[in-house]
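Student: Can you read through this structure? Questions will come right after.
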Amino acid sequence: MLEKIGKRDPLQELTMEGRKQALKSPQKLSLLSSPVRAAIRLRRTAHAFKKNFLPGDSKAKLLQRQVSLGRARLGSASASLLSQASFESSQYFTFDTSVQEPSTRSSKRKKRCKNPRVLYPGNSRKYLPAEHKSKAKRCLLLLVGIVCFQILNAIENLDDNLLKYDLDGLEKTMHREVFGQALAIESIVALLKDYLATHIHNKPLVISFNGPSGVGKSHVGWLLAKHFRSVMGQSSVLHYFAMYHCPDSASTSACQQDLSKTISEMVTQAEIEEKIPVFILDEVEFMTTALLETLGGFFQTNQTNEFLNAVYILISNLGGNEVVNVLLQNASSDLLLQPQRKVELLQAALRPVLDQVHPLWMLAEIVPFVLLEKSHILSCFYEEMMSEGLYPDPSHVESLASQLNYYTQGGQQYAITGCKQVVAKVNLL
């Protein structure tokens with residue numbers, strides 16, 4: 001009890017001291033109005049707080065904050081205690097930077113993360129701004145679509161051109177009627193397919209058939225002429241024989257004019273009809289140099305477009321000996337078993353010989369024709385006898401084939417004259 005009596009509440013002391021000071025000057029206060037007296041009383045009470053409390057006392061600071069906010073009730077001690085508890089437990093905003101934060105808070109506040117979201121006014125739509133699409137992108141997409149359409153159209157046109165010339169049927173016919181020249185037929189068909197697939201070219205197609213006599217070069221030329229006449233008409237195909245169309249060397253100039261005029265007229269007509277003319281020139285080894293010069297002028301690339309869209313096939317026995325030598329020398333080796341390697345060897349042997357005859361062969365695709373084996377000769381006899389209405393007795397055919405001359409090398413027999421003598425032998429039956 002004594003301790004409680006001895007200890008007084010600081011709020012009570014401040015209140016009692018304020019009342020004492022207020023009683024000392026009753027005469028001065030009576031002269032002023034009541035609002036002014038209340039303001040003076042509050043001011044004196046505030047000064048008394050500052051004098052009686054230490055600077056570092058937490059209770060003083062709370063009371064100073066309470067007085068500054070105008071919420072202190074100096075009349076009753078119980079109200080001051082409640083306000084003290086409420087100030088300690090709650091947070092108030094103040095501009096007084098000297099006041100320290102309560103001990104319950106951490107001395108350092110955590111840095112708040114900036115909100116990455118864009119804040120828009122409340123009276124507007126909360127949508128991102130509309131992106132402006134570039135017109136160049138649409139134009140680019142349109143251009144890509146046009147290019148793809150053109151490519152598809154070109155592919156369809158390629159297929160239409162190949163169907164128009166029926167090269168698949170031509171290939172089947174040659175494989176059925178020509179014996180022992182599978183590589184040559186494949187090369188011819190491949191060249192024709194690549195060239196005839198389109199109507200726009202930068203040079204004419206020149207194919208040269210070279211090899212020994214009687215192996216089927218002229219027969220292939222006859223099949224080509226027959227096929228293209230059936231699919232394009234007579235006016236687009238020329239089958240030219242040098243010994244027949246120009247038999248006399250003295251009339252070379254007339255032959256030159258006639259050949260040049262014929263080619264020019266056919267090329268012009270074919271351009272109008274949107275066709276590619278085919279010129280099959282047989283017995284080229286008997287052509288004079290002047291005639292070869294005239295012919296070589298049509299093979300050049302510096303011509304008008306209509307002369308660039310043409311197919312020239314040269315048939316001759318030039319380089320026949322070179323083909324025979326290559327085949328006999330490599331008959332026992334494995335080089336001839338590789339088709340591509342075999343063709344490369346023969347072309348390498350033919351190219352120097354043909355270039356010496358005339359430079360026009362430098363612009364030609366060389367297709368070598370190889371020697372025929374004895375099995376191929378037997379097939380020629382069967383085919384010829386059946387076409388003449390004769391029964392092809394196997395023993396009889398074998399005896400007829402044995403009458404021909406052969407090269408024997410590496411266990412194989414190659415006919416020296418090919419199938420050229422088969423027709424004469426069958427006609428004697």
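Identifiers in the structure tokens: chain A, B, ... in order shown; residue index from 1 per chain; ligand index from 1 in order shown.
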Using DSSP on the backbone coordinates, identify the residues of stretch 223-299 of chain A assigned to helix (DSSP H, G or I); present them as a compact mmCIF listing (two decimals) with N, CA and C atoms, in the first residue's frame.
Tutor:
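Saved as part_29.txt:
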```
# COMPACT_ATOMS: atom_id res chain seq x y z
N LEU A 223 12.37 -46.38 -134.87
CA LEU A 223 11.33 -46.43 -133.84
C LEU A 223 11.01 -45.04 -133.30
N LEU A 224 12.03 -44.22 -133.14
CA LEU A 224 11.79 -42.85 -132.67
C LEU A 224 10.97 -42.05 -133.68
N ALA A 225 11.33 -42.16 -134.95
CA ALA A 225 10.58 -41.44 -135.98
C ALA A 225 9.13 -41.90 -136.03
N LYS A 226 8.93 -43.19 -135.96
CA LYS A 226 7.57 -43.74 -135.99
C LYS A 226 6.75 -43.27 -134.80
N HIS A 227 7.37 -43.26 -133.62
CA HIS A 227 6.63 -42.88 -132.41
C HIS A 227 6.26 -41.40 -132.43
N PHE A 228 7.21 -40.52 -132.74
CA PHE A 228 6.93 -39.09 -132.68
C PHE A 228 6.00 -38.64 -133.81
N ARG A 229 6.02 -39.33 -134.92
CA ARG A 229 5.04 -39.02 -135.97
C ARG A 229 3.62 -39.37 -135.51
N SER A 230 3.52 -40.41 -134.73
CA SER A 230 2.19 -40.80 -134.26
C SER A 230 1.64 -39.86 -133.20
N VAL A 231 2.51 -39.23 -132.41
CA VAL A 231 2.04 -38.35 -131.33
C VAL A 231 2.06 -36.88 -131.71
N MET A 232 2.87 -36.48 -132.72
CA MET A 232 2.96 -35.07 -133.09
C MET A 232 2.56 -34.78 -134.54
N GLN A 234 3.23 -35.72 -138.96
CA GLN A 234 4.32 -35.83 -139.92
C GLN A 234 5.14 -34.54 -140.02
N SER A 235 4.48 -33.40 -139.85
CA SER A 235 5.17 -32.12 -140.05
C SER A 235 6.20 -31.80 -138.97
N SER A 236 6.20 -32.52 -137.86
CA SER A 236 7.12 -32.22 -136.76
C SER A 236 8.28 -33.19 -136.68
N ALA A 242 21.56 -39.38 -145.16
CA ALA A 242 22.55 -38.62 -145.94
C ALA A 242 22.76 -39.22 -147.33
N MET A 243 22.85 -40.54 -147.45
CA MET A 243 23.09 -41.17 -148.75
C MET A 243 21.88 -41.06 -149.68
N TYR A 244 20.73 -40.88 -149.12
CA TYR A 244 19.52 -40.78 -149.95
C TYR A 244 19.21 -39.32 -150.32
N HIS A 245 19.26 -38.40 -149.35
CA HIS A 245 18.90 -37.02 -149.62
C HIS A 245 20.03 -36.22 -150.26
N SER A 249 28.29 -35.64 -153.84
CA SER A 249 29.04 -34.61 -153.12
C SER A 249 29.12 -33.31 -153.90
N ALA A 250 28.91 -33.39 -155.23
CA ALA A 250 28.98 -32.17 -156.05
C ALA A 250 27.82 -31.24 -155.76
N SER A 251 26.72 -31.79 -155.27
CA SER A 251 25.54 -30.97 -154.99
C SER A 251 25.44 -30.62 -153.51
N THR A 252 26.60 -30.39 -152.90
CA THR A 252 26.63 -30.09 -151.46
C THR A 252 25.93 -28.78 -151.15
N SER A 253 26.14 -27.76 -151.96
CA SER A 253 25.51 -26.46 -151.71
C SER A 253 23.99 -26.57 -151.76
N ALA A 254 23.49 -27.34 -152.75
CA ALA A 254 22.04 -27.53 -152.83
C ALA A 254 21.52 -28.31 -151.63
N CYS A 255 22.31 -29.26 -151.17
CA CYS A 255 21.91 -30.02 -149.97
C CYS A 255 21.89 -29.13 -148.74
N GLN A 256 22.85 -28.22 -148.69
CA GLN A 256 22.88 -27.30 -147.55
C GLN A 256 21.64 -26.42 -147.53
N GLN A 257 21.30 -25.86 -148.67
CA GLN A 257 20.13 -25.00 -148.74
C GLN A 257 18.84 -25.78 -148.43
N ASP A 258 18.78 -26.97 -149.00
CA ASP A 258 17.58 -27.77 -148.78
C ASP A 258 17.42 -28.16 -147.31
N LEU A 259 18.52 -28.61 -146.67
CA LEU A 259 18.45 -28.99 -145.26
C LEU A 259 18.15 -27.78 -144.38
N SER A 260 18.79 -26.65 -144.67
CA SER A 260 18.56 -25.46 -143.86
C SER A 260 17.12 -24.97 -143.99
N LYS A 261 16.58 -24.99 -145.22
CA LYS A 261 15.21 -24.56 -145.44
C LYS A 261 14.22 -25.49 -144.73
N THR A 262 14.47 -26.80 -144.83
CA THR A 262 13.55 -27.76 -144.20
C THR A 262 13.53 -27.59 -142.69
N ILE A 263 14.70 -27.46 -142.09
CA ILE A 263 14.76 -27.29 -140.64
C ILE A 263 14.08 -26.00 -140.20
N SER A 264 14.33 -24.91 -140.93
CA SER A 264 13.75 -23.62 -140.55
C SER A 264 12.22 -23.66 -140.63
N GLU A 265 11.70 -24.23 -141.70
CA GLU A 265 10.25 -24.30 -141.85
C GLU A 265 9.60 -25.17 -140.77
N MET A 266 10.23 -26.30 -140.46
CA MET A 266 9.67 -27.19 -139.44
C MET A 266 9.72 -26.55 -138.05
N VAL A 267 10.81 -25.85 -137.76
CA VAL A 267 10.94 -25.21 -136.45
C VAL A 267 9.89 -24.10 -136.30
N THR A 268 9.68 -23.31 -137.37
CA THR A 268 8.69 -22.23 -137.31
C THR A 268 7.29 -22.78 -137.12
N GLN A 269 6.95 -23.81 -137.87
CA GLN A 269 5.63 -24.41 -137.75
C GLN A 269 5.41 -25.05 -136.38
N ALA A 270 6.46 -25.71 -135.86
CA ALA A 270 6.34 -26.32 -134.54
C ALA A 270 6.18 -25.29 -133.44
N GLU A 271 6.81 -24.12 -133.60
CA GLU A 271 6.66 -23.05 -132.61
C GLU A 271 5.23 -22.54 -132.59
N ILE A 272 4.61 -22.44 -133.75
CA ILE A 272 3.22 -22.00 -133.81
C ILE A 272 2.30 -23.02 -133.14
N VAL A 284 25.38 -40.07 -140.75
CA VAL A 284 26.06 -38.79 -140.61
C VAL A 284 27.52 -38.89 -141.02
N GLU A 285 28.12 -40.07 -140.94
CA GLU A 285 29.53 -40.20 -141.32
C GLU A 285 29.76 -39.94 -142.80
N PHE A 286 28.70 -39.98 -143.60
CA PHE A 286 28.82 -39.72 -145.04
C PHE A 286 28.52 -38.27 -145.40
N THR A 289 31.86 -31.95 -144.99
CA THR A 289 32.19 -30.97 -143.96
C THR A 289 31.29 -29.74 -144.05
N ALA A 290 30.98 -29.33 -145.29
CA ALA A 290 30.10 -28.17 -145.47
C ALA A 290 28.71 -28.45 -144.93
N LEU A 291 28.22 -29.64 -145.17
CA LEU A 291 26.90 -29.98 -144.66
C LEU A 291 26.90 -30.07 -143.14
N LEU A 292 28.01 -30.57 -142.59
CA LEU A 292 28.12 -30.60 -141.13
C LEU A 292 28.18 -29.19 -140.54
N GLU A 293 28.82 -28.26 -141.28
CA GLU A 293 28.86 -26.87 -140.82
C GLU A 293 27.46 -26.28 -140.78
N THR A 294 26.68 -26.55 -141.83
CA THR A 294 25.29 -26.05 -141.85
C THR A 294 24.49 -26.65 -140.70
N LEU A 295 24.69 -27.92 -140.48
CA LEU A 295 23.95 -28.59 -139.40
C LEU A 295 24.39 -28.09 -138.04
N GLY A 296 25.70 -27.89 -137.89
CA GLY A 296 26.21 -27.41 -136.59
C GLY A 296 25.74 -26.01 -136.25
N GLY A 297 25.38 -25.20 -137.28
CA GLY A 297 24.89 -23.85 -136.99
C GLY A 297 23.57 -23.86 -136.24
```
Student: DSSP on the backbone: what in stretch 243-282 of chain A comes out strand (DSSP E or B), as a PyMOL selection string?
Tutor: chain A and resi 278-282
Student: Nearest to A:Met362 among A:Ile315, A:Leu350, A:Val397, A:Leu337, with distances taken over only C-alpha atoms: which residue is it?
Tutor: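 Closest to A:Met362, using only C-alpha atoms: A:Leu350.
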Student: Could you check which of A:Glu283, A:Glu322, A:Glu273, A:Asp355 is closest to A:Pro212, using only C-alpha atoms?
Tutor: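 Comparing A:Glu283, A:Glu322, A:Glu273, A:Asp355 against A:Pro212, the winner is A:Glu322.
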Student: Nearest to A:Val367: which of A:Val178, A:Ala424, A:Leu191, A:Leu142 is it, counting only C-alpha atoms?
Tutor: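 Counting only C-alpha atoms, the residue closest to A:Val367 is A:Leu191.
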Student: Give me the residues near A:Leu429 as a list in words, where near means some atom within 12 Å (using only C-alpha atoms) and where sequence neighbours in that chain fewer than 3 positions away do not count.
Tutor: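 What passes the distance filter is Phe381, Glu384, Met385, Glu388, Gly389, Leu390, Tyr391, Pro392, His396, Val397, Leu400, Val422, Val423, Ala424, Lys425 and Val426 of chain A.
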Student: So the first atom is atom CA of A:Gly216 and the second is atom CA of A:Gln181; what is the distance between them in Å, to one decimal place?
Tutor: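 Interatomic distance, atom CA of A:Gly216 to atom CA of A:Gln181: 7.9 Å.
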Student: Extract, using only C-alpha atoms, all DNA, RNA and protein residues at most 12 Å from A:Asn325, discarding same-chain residues fewer than 2 positions from it, and format them as a list in words.
Tutor: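 My reading of the contact set: Gly211, Pro212, Gly319, Gly320, Asn321, Glu322, Val323, Leu327, Leu328, Gln329, Asn330, Ala331, Leu345, Leu346, Ala349, Leu350, Val370, Leu371, Tyr407 and Gln409 of chain A.
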Student: For the residues selected in the previous step, produce a file with all heavy atoms as a short mmCIF file (atom, residue, chain, number, x, y, z; two decimals), in the first residue's frame.
Tutor:
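Output saved as out_15.cif:
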```
data_model
loop_
_atom_site.label_atom_id
_atom_site.label_comp_id
_atom_site.auth_asym_id
_atom_site.auth_seq_id
_atom_site.Cartn_x
_atom_site.Cartn_y
_atom_site.Cartn_z
N GLY A 211 28.57 -46.40 -132.42
CA GLY A 211 28.91 -47.78 -132.13
C GLY A 211 29.16 -48.55 -133.42
O GLY A 211 29.05 -48.01 -134.52
N PRO A 212 29.52 -49.82 -133.30
CA PRO A 212 29.78 -50.63 -134.50
C PRO A 212 28.50 -50.86 -135.31
O PRO A 212 27.39 -50.60 -134.85
CB PRO A 212 30.33 -51.94 -133.93
CG PRO A 212 29.83 -51.99 -132.54
CD PRO A 212 29.72 -50.57 -132.06
N GLY A 319 33.46 -44.11 -134.45
CA GLY A 319 33.88 -44.60 -133.14
C GLY A 319 33.54 -46.05 -132.88
O GLY A 319 33.69 -46.51 -131.73
N GLY A 320 33.11 -46.78 -133.94
CA GLY A 320 32.77 -48.19 -133.74
C GLY A 320 33.95 -49.02 -133.31
O GLY A 320 33.83 -49.90 -132.43
N ASN A 321 35.12 -48.78 -133.90
CA ASN A 321 36.32 -49.54 -133.54
C ASN A 321 36.72 -49.29 -132.10
O ASN A 321 37.18 -50.21 -131.40
CB ASN A 321 37.47 -49.19 -134.48
CG ASN A 321 37.20 -49.63 -135.92
OD1 ASN A 321 36.50 -50.62 -136.15
ND2 ASN A 321 37.77 -48.91 -136.87
N GLU A 322 36.59 -48.05 -131.65
CA GLU A 322 36.95 -47.72 -130.25
C GLU A 322 36.03 -48.45 -129.28
O GLU A 322 36.49 -48.93 -128.22
CB GLU A 322 36.86 -46.21 -130.03
CG GLU A 322 38.02 -45.42 -130.60
CD GLU A 322 38.02 -45.38 -132.13
OE1 GLU A 322 36.94 -45.63 -132.71
OE2 GLU A 322 39.07 -45.08 -132.72
N VAL A 323 34.75 -48.55 -129.60
CA VAL A 323 33.81 -49.27 -128.74
C VAL A 323 34.18 -50.75 -128.67
O VAL A 323 34.18 -51.36 -127.59
CB VAL A 323 32.37 -49.09 -129.26
CG1 VAL A 323 31.42 -49.99 -128.48
CG2 VAL A 323 31.94 -47.64 -129.14
N LEU A 327 35.40 -52.83 -125.20
CA LEU A 327 34.63 -53.97 -124.72
C LEU A 327 35.48 -55.24 -124.67
O LEU A 327 35.39 -56.03 -123.71
CB LEU A 327 33.40 -54.19 -125.61
CG LEU A 327 32.33 -53.09 -125.55
CD1 LEU A 327 31.24 -53.37 -126.57
CD2 LEU A 327 31.74 -53.00 -124.16
N LEU A 328 36.31 -55.47 -125.69
CA LEU A 328 37.12 -56.69 -125.71
C LEU A 328 38.24 -56.64 -124.68
O LEU A 328 38.59 -57.66 -124.07
CB LEU A 328 37.70 -56.90 -127.10
CG LEU A 328 36.68 -57.18 -128.22
CD1 LEU A 328 37.38 -57.36 -129.55
CD2 LEU A 328 35.84 -58.42 -127.89
N GLN A 329 38.79 -55.46 -124.44
CA GLN A 329 39.88 -55.34 -123.47
C GLN A 329 39.38 -55.52 -122.03
O GLN A 329 40.14 -55.98 -121.16
CB GLN A 329 40.56 -53.98 -123.61
CG GLN A 329 41.37 -53.83 -124.90
CD GLN A 329 41.90 -52.43 -125.06
OE1 GLN A 329 41.74 -51.57 -124.19
NE2 GLN A 329 42.55 -52.16 -126.19
N ASN A 330 38.17 -55.17 -121.77
CA ASN A 330 37.63 -55.25 -120.41
C ASN A 330 36.57 -56.34 -120.26
O ASN A 330 35.78 -56.32 -119.31
CB ASN A 330 37.01 -53.92 -120.01
CG ASN A 330 38.01 -52.78 -120.01
OD1 ASN A 330 38.78 -52.60 -119.07
ND2 ASN A 330 37.99 -51.99 -121.09
N ALA A 331 36.55 -57.29 -121.20
CA ALA A 331 35.52 -58.34 -121.15
C ALA A 331 35.68 -59.23 -119.93
O ALA A 331 34.70 -59.70 -119.36
CB ALA A 331 35.57 -59.18 -122.42
N LEU A 345 33.38 -45.31 -119.58
CA LEU A 345 34.54 -45.78 -120.35
C LEU A 345 34.31 -45.62 -121.85
O LEU A 345 35.20 -45.16 -122.59
CB LEU A 345 34.83 -47.25 -120.01
CG LEU A 345 35.46 -47.53 -118.64
CD1 LEU A 345 35.55 -49.03 -118.41
CD2 LEU A 345 36.85 -46.91 -118.56
N LEU A 346 33.13 -45.98 -122.32
CA LEU A 346 32.84 -45.88 -123.74
C LEU A 346 32.77 -44.42 -124.20
O LEU A 346 33.26 -44.07 -125.28
CB LEU A 346 31.53 -46.61 -124.05
CG LEU A 346 31.54 -48.13 -123.83
CD1 LEU A 346 30.14 -48.70 -124.01
CD2 LEU A 346 32.52 -48.80 -124.78
N ALA A 349 36.19 -43.00 -124.61
CA ALA A 349 36.87 -43.47 -125.82
C ALA A 349 36.31 -42.83 -127.09
O ALA A 349 37.04 -42.63 -128.07
CB ALA A 349 36.74 -44.99 -125.92
N LEU A 350 35.03 -42.47 -127.10
CA LEU A 350 34.39 -41.91 -128.29
C LEU A 350 34.61 -40.41 -128.43
O LEU A 350 34.70 -39.90 -129.56
CB LEU A 350 32.88 -42.19 -128.26
CG LEU A 350 32.46 -43.64 -128.49
CD1 LEU A 350 30.98 -43.81 -128.18
CD2 LEU A 350 32.75 -44.06 -129.92
N VAL A 370 26.68 -50.92 -127.71
CA VAL A 370 27.69 -51.95 -127.47
C VAL A 370 27.49 -53.12 -128.44
O VAL A 370 26.50 -53.19 -129.19
CB VAL A 370 27.60 -52.46 -126.01
CG1 VAL A 370 27.89 -51.33 -125.03
CG2 VAL A 370 26.23 -53.07 -125.74
N LEU A 371 28.48 -54.04 -128.43
CA LEU A 371 28.39 -55.26 -129.25
C LEU A 371 27.28 -56.17 -128.74
O LEU A 371 26.96 -56.19 -127.54
CB LEU A 371 29.72 -56.01 -129.20
CG LEU A 371 30.92 -55.35 -129.92
CD1 LEU A 371 32.19 -56.10 -129.61
CD2 LEU A 371 30.68 -55.30 -131.43
N TYR A 407 33.38 -62.42 -132.07
CA TYR A 407 34.57 -62.19 -131.23
C TYR A 407 34.42 -63.08 -130.00
O TYR A 407 33.36 -63.11 -129.38
CB TYR A 407 34.68 -60.74 -130.77
CG TYR A 407 34.86 -59.72 -131.89
CD1 TYR A 407 33.83 -58.84 -132.20
CD2 TYR A 407 36.06 -59.63 -132.57
CE1 TYR A 407 33.98 -57.89 -133.18
CE2 TYR A 407 36.22 -58.67 -133.57
CZ TYR A 407 35.18 -57.82 -133.86
OH TYR A 407 35.34 -56.88 -134.85
N GLN A 409 35.91 -63.57 -126.29
CA GLN A 409 36.75 -62.92 -125.28
C GLN A 409 36.09 -63.08 -123.91
O GLN A 409 34.89 -62.81 -123.76
CB GLN A 409 36.93 -61.43 -125.60
CG GLN A 409 37.96 -60.73 -124.73
CD GLN A 409 39.38 -61.11 -125.11
OE1 GLN A 409 39.64 -61.54 -126.26
NE2 GLN A 409 40.30 -60.99 -124.18
#
```
